[in-house]
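What follows is data.txt (compact mmCIF, C-alpha atoms).
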```txt
# COMPACT_ATOMS: atom_id res chain seq x y z
CA MET A 1 90.44 98.87 92.83
CA LEU A 2 87.93 96.62 94.51
CA SER A 3 85.20 95.44 92.18
CA ASP A 4 81.46 95.74 92.77
CA ASP A 5 81.36 92.00 93.49
CA VAL A 6 84.05 92.34 96.15
CA LEU A 7 82.24 95.28 97.73
CA ASP A 8 79.05 93.25 97.78
CA ARG A 9 80.87 90.39 99.52
CA MET A 10 82.29 92.83 102.07
CA LEU A 11 78.86 94.19 102.90
CA ARG A 12 77.33 90.72 103.11
CA LYS A 13 80.13 89.49 105.36
CA SER A 14 79.58 92.40 107.73
CA ASP A 15 75.88 91.63 108.11
CA PRO A 16 75.10 90.37 111.64
CA ALA A 17 72.03 88.59 110.23
CA PRO A 18 73.11 87.43 106.76
CA GLY A 19 70.44 86.64 104.22
CA ASP A 20 69.66 87.29 100.60
CA SER A 21 70.29 91.02 100.87
CA ALA A 22 73.55 92.82 101.59
CA THR A 23 74.33 94.90 104.64
CA ASP A 24 72.47 98.20 104.85
CA PRO A 25 74.70 100.67 102.94
CA ASN A 26 74.03 103.25 105.66
CA SER A 27 75.29 100.98 108.43
CA PRO A 28 78.53 101.69 110.33
CA ALA A 29 80.27 98.66 108.77
CA ALA A 30 79.35 99.79 105.26
CA GLU A 31 80.55 103.33 105.96
CA ARG A 32 83.91 102.02 107.21
CA ILE A 33 84.34 99.73 104.20
CA LEU A 34 83.54 102.39 101.62
CA ALA A 35 85.74 104.99 103.30
CA GLN A 36 88.75 102.69 103.16
CA VAL A 37 87.98 101.54 99.62
CA ARG A 38 88.05 105.16 98.46
CA ARG A 39 91.50 105.62 99.99
CA ARG A 40 92.83 102.35 98.56
CA THR A 41 91.55 103.40 95.13
CA ARG A 42 93.39 106.69 95.41
CA GLN A 43 96.60 105.01 96.49
CA ARG A 44 96.53 102.52 93.63
CA ARG A 45 95.88 105.25 91.07
CA ARG A 46 98.54 107.46 92.69
CA ARG A 47 96.25 110.44 92.82
CA THR A 48 94.02 112.24 95.29
CA LEU A 49 90.33 111.43 95.28
CA ILE A 50 88.28 114.61 95.20
CA LEU A 51 84.80 114.23 96.62
CA ALA A 52 81.87 116.47 95.88
CA PRO A 53 80.25 118.06 98.94
CA VAL A 54 77.76 115.71 100.55
CA VAL A 55 74.27 116.45 101.79
CA ALA A 56 73.82 116.25 105.56
CA LEU A 57 71.90 113.22 106.76
CA VAL A 58 68.60 113.58 108.60
CA VAL A 59 68.45 111.41 111.70
CA ALA A 60 65.12 109.63 112.00
CA GLY A 61 63.27 110.15 115.27
CA ALA A 62 65.48 112.99 116.46
CA THR A 63 65.61 116.73 116.12
CA ALA A 64 68.55 119.07 116.00
CA GLY A 65 67.83 119.99 119.60
CA THR A 66 67.68 116.47 121.01
CA TYR A 67 70.09 114.37 118.88
CA ALA A 68 73.24 113.59 120.87
CA TRP A 69 76.12 113.04 118.47
CA VAL A 70 79.43 111.37 119.32
CA ALA A 71 82.64 112.21 117.48
CA GLY A 72 84.91 109.19 117.04
CA ASP A 73 85.30 107.35 120.33
CA GLY A 74 84.06 110.40 122.24
CA LYS A 75 87.58 111.05 123.58
CA GLY A 76 89.18 112.84 120.64
CA HIS A 77 90.28 109.69 118.80
CA THR A 78 89.31 108.52 115.33
CA LEU A 79 87.73 105.13 114.60
CA ASP A 80 89.82 104.83 111.42
CA SER A 81 93.49 105.76 111.76
CA THR A 82 94.47 104.69 108.21
CA GLY A 83 93.26 107.83 106.46
CA LEU A 84 91.97 111.37 106.80
CA VAL A 85 90.02 114.00 104.88
CA CYS A 86 91.44 117.38 103.92
CA VAL A 87 88.37 119.60 103.69
CA GLY A 88 89.03 121.84 100.72
CA PRO A 89 87.32 124.68 98.91
CA ASP A 90 84.14 124.51 96.87
CA GLN A 91 85.30 121.84 94.41
CA GLY A 92 85.43 119.15 97.07
CA ASP A 93 87.47 117.35 99.72
CA ALA A 94 90.51 115.09 99.43
CA ILE A 95 90.85 111.68 101.08
CA VAL A 96 94.47 110.76 101.76
CA GLY A 97 96.30 107.91 103.48
CA PHE A 98 97.53 108.48 107.00
CA ASP A 99 99.98 106.92 109.45
CA PRO A 100 99.30 108.14 113.01
CA GLY A 101 102.67 106.87 114.19
CA ALA A 102 104.62 109.04 111.75
CA ASP A 103 102.33 111.82 110.53
CA ASP A 104 100.42 114.80 111.86
CA PRO A 105 97.04 115.40 110.15
CA VAL A 106 97.55 119.14 109.74
CA ALA A 107 101.06 118.64 108.36
CA VAL A 108 99.79 116.04 105.86
CA CYS A 109 97.11 118.37 104.48
CA ARG A 110 99.39 121.41 104.54
CA ARG A 111 102.07 119.56 102.57
CA GLN A 112 99.66 118.35 99.88
CA TRP A 113 97.21 121.26 99.77
CA PRO A 114 98.62 123.17 96.72
CA GLU A 115 98.74 119.98 94.64
CA MET A 116 95.30 118.79 95.71
CA PHE A 117 93.41 122.05 95.42
CA GLY A 118 95.58 124.32 93.28
CA GLN A 119 95.45 127.05 95.91
CA PRO A 120 97.79 128.41 98.61
CA VAL A 121 97.60 126.70 101.97
CA PRO A 122 95.32 128.53 104.44
CA ASP A 123 97.10 130.24 107.32
CA ALA A 124 95.37 127.97 109.85
CA LEU A 125 94.27 124.35 109.60
CA THR A 126 92.63 122.34 112.38
CA ALA A 127 92.30 118.57 112.77
CA CYS A 128 88.99 117.29 114.13
CA VAL A 129 87.25 113.94 114.62
CA ASP A 130 83.85 114.03 112.95
CA SER A 131 80.59 112.49 114.12
CA SER A 132 80.08 110.30 111.06
CA GLN A 133 79.67 106.53 111.44
CA GLN A 134 83.38 105.98 110.68
CA GLY A 135 84.59 108.74 113.04
CA SER A 136 87.02 110.16 110.49
CA ILE A 137 89.80 112.68 110.95
CA LYS A 138 88.93 115.85 109.05
CA VAL A 139 91.26 118.81 108.64
CA TYR A 140 89.38 122.10 108.20
CA PRO A 141 90.66 125.51 107.15
CA GLY A 142 90.45 127.80 110.17
CA GLY A 143 90.98 127.63 113.91
CA LYS A 144 89.78 125.31 116.65
CA ASP A 145 86.25 126.69 116.49
CA GLN A 146 85.86 124.75 113.24
CA CYS A 147 85.43 121.47 115.15
CA ALA A 148 82.36 122.51 117.11
CA SER A 149 80.83 124.21 114.09
CA HIS A 150 80.98 120.89 112.20
CA ARG A 151 79.71 118.69 115.05
CA ALA A 152 83.21 117.41 115.62
CA ASP A 153 85.77 117.25 118.43
CA PRO A 154 89.44 118.32 118.32
CA TYR A 155 91.66 115.42 117.26
CA LEU A 156 93.85 114.49 120.24
CA GLY A 157 96.13 111.99 118.53
CA PRO A 158 96.24 108.20 118.23
CA THR A 159 95.41 105.67 120.91
CA ARG A 160 98.02 103.20 122.12
CA GLU A 161 96.30 100.54 120.01
CA GLN A 162 96.45 102.74 116.91
CA LEU A 163 100.17 103.27 117.45
CA GLY A 164 100.58 99.50 117.62
CA LEU A 165 98.61 99.15 114.40
CA SER A 166 100.85 101.78 112.80
CA ARG A 167 103.95 99.76 113.71
CA LEU A 168 102.28 96.60 112.36
CA ARG A 169 101.61 98.31 109.02
CA ALA A 170 105.23 99.49 108.81
CA ASP A 171 106.55 96.02 109.66
CA LEU A 172 104.39 94.43 106.96
CA ARG A 173 105.73 96.80 104.31
CA GLU A 174 109.30 96.04 105.37
CA HIS A 175 108.83 92.29 105.76
CA PHE A 176 107.22 91.84 102.35
CA ALA A 177 109.15 94.49 100.44
CA ASP A 178 109.16 93.77 96.68
CA ARG A 179 106.89 90.72 97.07
CA THR A 180 104.05 90.51 94.57
CA CYS A 181 102.47 87.23 95.72
CA ILE A 182 102.03 86.27 99.37
CA PRO A 183 100.00 83.13 100.13
CA HIS A 184 97.13 83.65 102.55
CA PRO A 185 98.57 81.30 105.24
CA GLU A 186 101.91 83.10 105.18
CA LEU A 187 100.34 86.55 105.45
CA ARG A 188 98.04 85.44 108.28
CA LYS A 189 100.98 83.92 110.16
CA VAL A 190 103.09 87.06 109.89
CA ILE A 191 100.16 89.30 110.87
CA GLY A 192 99.42 87.05 113.85
CA GLY A 193 103.00 87.39 115.05
CA LEU A 194 102.83 91.16 114.68
CA PHE A 195 99.60 91.27 116.68
CA ALA A 196 101.49 89.69 119.58
CA ARG A 197 104.60 91.83 119.11
CA HIS A 198 102.69 95.10 119.18
CA GLY A 199 100.17 94.25 121.91
CA LEU A 200 97.15 94.12 119.63
CA ASP A 201 95.08 91.81 121.80
CA GLY A 202 91.73 90.65 120.44
CA TRP A 203 92.67 91.31 116.81
CA LYS A 204 92.37 88.75 114.02
CA ALA A 205 93.04 88.43 110.29
CA ALA A 206 90.37 86.79 108.12
CA HIS A 207 89.65 86.14 104.47
CA PHE A 208 86.62 87.72 102.85
CA GLN A 209 84.12 85.13 101.66
CA THR A 210 80.47 84.97 100.76
CA ALA A 211 78.13 82.36 102.20
CA ASP A 212 79.43 80.02 99.46
CA LYS A 213 82.82 79.92 101.24
CA GLU A 214 84.99 80.44 98.18
CA PRO A 215 88.53 79.07 98.56
CA GLU A 216 91.42 81.44 99.08
CA GLY A 217 93.27 82.53 95.98
CA PRO A 218 96.99 81.89 95.53
CA CYS A 219 97.97 85.42 96.63
CA ALA A 220 96.70 87.71 99.38
CA ASP A 221 96.75 91.37 100.33
CA ILE A 222 94.97 93.55 102.89
CA GLY A 223 91.50 94.53 101.72
CA PHE A 224 90.73 96.87 104.60
CA ILE A 225 91.24 97.29 108.33
CA ASP A 226 88.15 97.44 110.54
CA GLU A 227 89.39 99.04 113.75
CA PRO A 228 86.12 99.01 115.76
CA GLU A 229 85.76 95.26 115.10
CA ARG A 230 89.55 94.62 115.36
CA VAL A 231 89.70 92.71 112.08
CA ILE A 232 92.20 92.89 109.22
CA TRP A 233 90.32 91.59 106.19
CA LEU A 234 92.43 89.84 103.57
CA GLY A 235 91.52 89.90 99.90
CA ASP A 236 92.83 87.99 96.89
CA HIS A 237 95.71 89.66 95.08
CA LYS A 238 96.75 89.35 91.44
CA ASP A 239 100.16 87.70 91.14
CA GLY A 240 102.76 90.05 89.69
CA ALA A 241 100.97 93.29 90.57
CA PRO A 242 102.53 95.55 93.22
CA ILE A 243 100.94 95.25 96.65
CA ASN A 244 99.55 98.52 97.98
CA TRP A 245 99.77 98.29 101.75
CA PRO A 246 97.36 100.44 103.78
```
Would it be possible to restate this file's structure as structure tokens?
Amino acid sequence: MLSDDVLDRMLRKSDPAPGDSATDPNSPAAERILAQVRRRTRQRRRRTLILAPVVALVVAGATAGTYAWVAGDGKGHTLDSTGLVCVGPDQGDAIVGFDPGADDPVAVCRRQWPEMFGQPVPDALTACVDSSQQGSIKVYPGGKDQCASHRADPYLGPTREQLGLSRLRADLREHFADRTCIPHPELRKVIGGLFARHGLDGWKAAHFQTADKEPEGPCADIGFIDEPERVIWLGDHKDGAPINWP
């Protein structure tokens, strides 16, 4: 699990005007970071993270009648293809990992529903892209009308770039199978080659640092993937511990 210090460094690094204070926790970058951290935490603990229902945000300077919301990229695609949310019953929702090149959102939630919520799977489930800052995939019980009722659009599948990113993630898992310590230069080099192989133009891999420019540790892993900014952020990994690939 990422520590509070690491989260603070992530938020500071994402600040377009860095200073003494961290990035606004309500900013798009902060939302993307925290969403992925929640999924990585769940994967490392080998359990599903159940979230309590959240209170809807009030948009300053806009009313319900005039606020124009955009779901994902506005074309039925998510801004974060590494995870999704299964919207469950009253006790909360479940955030799970997702591979758009191999999985279908509805099938993922249907398969895990009884274990996550302790209830039978609803007859109908619908995948939508929500209008949150991170443009998440959310799977709701019910039919296609659920998307519009939640200020969301129907999920239309991955983009070509997201399919390339899916193949990159699979190649990393295969290339570094059973490795528990990968030096930062080696991981960056392999990722760079995979960017080229899978047509991920404009992407880069970078190490998280504060303004103090701490040196890289001896081992690296992937901290999180920022799709809108096309950055794979590398964190320091503890030698000997299994690497949990996104």
TODO: Provide the atom CA of A:Gln134 to atom CA of A:Asp153 distance in Å, to one decimal place.
DONE: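 Separation of atom CA of A:Gln134 and atom CA of A:Asp153: 13.9 Å.
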Open item on the list: Here is a test: counting all atoms listed in the file, which residue of A:Asp178, A:Ala71, A:Pro120, A:Tyr140 is nearest to A:Gly88?
Closed with: A:Tyr140
TODO: Tell me, as a list in words, which residues lie within 12 Å of A:Lys75, counting all atoms listed in the file; anything in the same chain fewer than 4 positions away does not count.
DONE: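 My list of contacting residues is Val70, Ala71, Leu79, Cys128, Val129, Asp130, Ser131, Gly135, Ala152, Asp153, Pro154, Tyr155, Leu156, Gly157, Pro158 and Thr159 of chain A.
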- [ ] Figure out the distance between atom CA of A:Asp99 and atom CA of A:Arg230, please, to one decimal in Å.
- [x] 17.2 Å
Task: Between atom CA of A:Ser149 and atom CA of A:Asp93 - distance in Å to one decimal - done: 17.3 Å
- [ ] Considering all atoms listed in the file, return as an NGL selection string whatever protein or nucleic-acid residues lie within 12 Å of stretch 110-119 of chain A, sequence-local ones (same chain, fewer than 3 positions apart) excluded.
- [x] :A and (47-51 or 85-97 or 103-107 or 122-127 or 139-141)
Open item on the list: Measuring between all atoms listed in the file, which one of A:Gly83, A:Pro183, A:Gly192, A:Gly223 shows the shortest distance to A:Asp239?
Closed with: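 Selected residue with least distance to A:Asp239: A:Pro183.
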Using only C-alpha atoms, determine which residues lie at most 12 Å from A:Phe98, disregarding the query and same-chain residues fewer than 6 positions distant; provide the list as a PDB file with C-alpha atoms, keeping the file's coordinate frame.
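In the end it all went to selection12.pdb:
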```
ATOM      1  CA  GLN A  36      88.750 102.690 103.160  1.00  0.00           C
ATOM      2  CA  ARG A  39      91.500 105.620  99.990  1.00  0.00           C
ATOM      3  CA  ARG A  40      92.830 102.350  98.560  1.00  0.00           C
ATOM      4  CA  GLN A  43      96.600 105.010  96.490  1.00  0.00           C
ATOM      5  CA  THR A  78      89.310 108.520 115.330  1.00  0.00           C
ATOM      6  CA  ASP A  80      89.820 104.830 111.420  1.00  0.00           C
ATOM      7  CA  SER A  81      93.490 105.760 111.760  1.00  0.00           C
ATOM      8  CA  THR A  82      94.470 104.690 108.210  1.00  0.00           C
ATOM      9  CA  GLY A  83      93.260 107.830 106.460  1.00  0.00           C
ATOM     10  CA  LEU A  84      91.970 111.370 106.800  1.00  0.00           C
ATOM     11  CA  VAL A  85      90.020 114.000 104.880  1.00  0.00           C
ATOM     12  CA  CYS A  86      91.440 117.380 103.920  1.00  0.00           C
ATOM     13  CA  ASP A 104     100.420 114.800 111.860  1.00  0.00           C
ATOM     14  CA  PRO A 105      97.040 115.400 110.150  1.00  0.00           C
ATOM     15  CA  VAL A 106      97.550 119.140 109.740  1.00  0.00           C
ATOM     16  CA  ALA A 107     101.060 118.640 108.360  1.00  0.00           C
ATOM     17  CA  VAL A 108      99.790 116.040 105.860  1.00  0.00           C
ATOM     18  CA  CYS A 109      97.110 118.370 104.480  1.00  0.00           C
ATOM     19  CA  SER A 136      87.020 110.160 110.490  1.00  0.00           C
ATOM     20  CA  ILE A 137      89.800 112.680 110.950  1.00  0.00           C
ATOM     21  CA  LYS A 138      88.930 115.850 109.050  1.00  0.00           C
ATOM     22  CA  PRO A 158      96.240 108.200 118.230  1.00  0.00           C
ATOM     23  CA  GLN A 162      96.450 102.740 116.910  1.00  0.00           C
ATOM     24  CA  LEU A 163     100.170 103.270 117.450  1.00  0.00           C
ATOM     25  CA  LEU A 165      98.610  99.150 114.400  1.00  0.00           C
ATOM     26  CA  SER A 166     100.850 101.780 112.800  1.00  0.00           C
ATOM     27  CA  ARG A 169     101.610  98.310 109.020  1.00  0.00           C
ATOM     28  CA  ALA A 170     105.230  99.490 108.810  1.00  0.00           C
ATOM     29  CA  TRP A 245      99.770  98.290 101.750  1.00  0.00           C
ATOM     30  CA  PRO A 246      97.360 100.440 103.780  1.00  0.00           C
TER      31      PRO A 246
END
```
Excluding same-chain residues fewer than 4 positions from A:Pro242, what lies within 10 Å of it counting all atoms listed in the file, as a CSV table (one decimal) with C-alpha atoms, in the frame of the given file?
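Saved file part-v3.csv follows:
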```csv
chain,number,residue,atom,x,y,z
A,44,ARG,CA,96.5,102.5,93.6
A,177,ALA,CA,109.2,94.5,100.4
A,178,ASP,CA,109.2,93.8,96.7
A,179,ARG,CA,106.9,90.7,97.1
A,180,THR,CA,104.0,90.5,94.6
A,181,CYS,CA,102.5,87.2,95.7
A,237,HIS,CA,95.7,89.7,95.1
A,238,LYS,CA,96.8,89.4,91.4
```
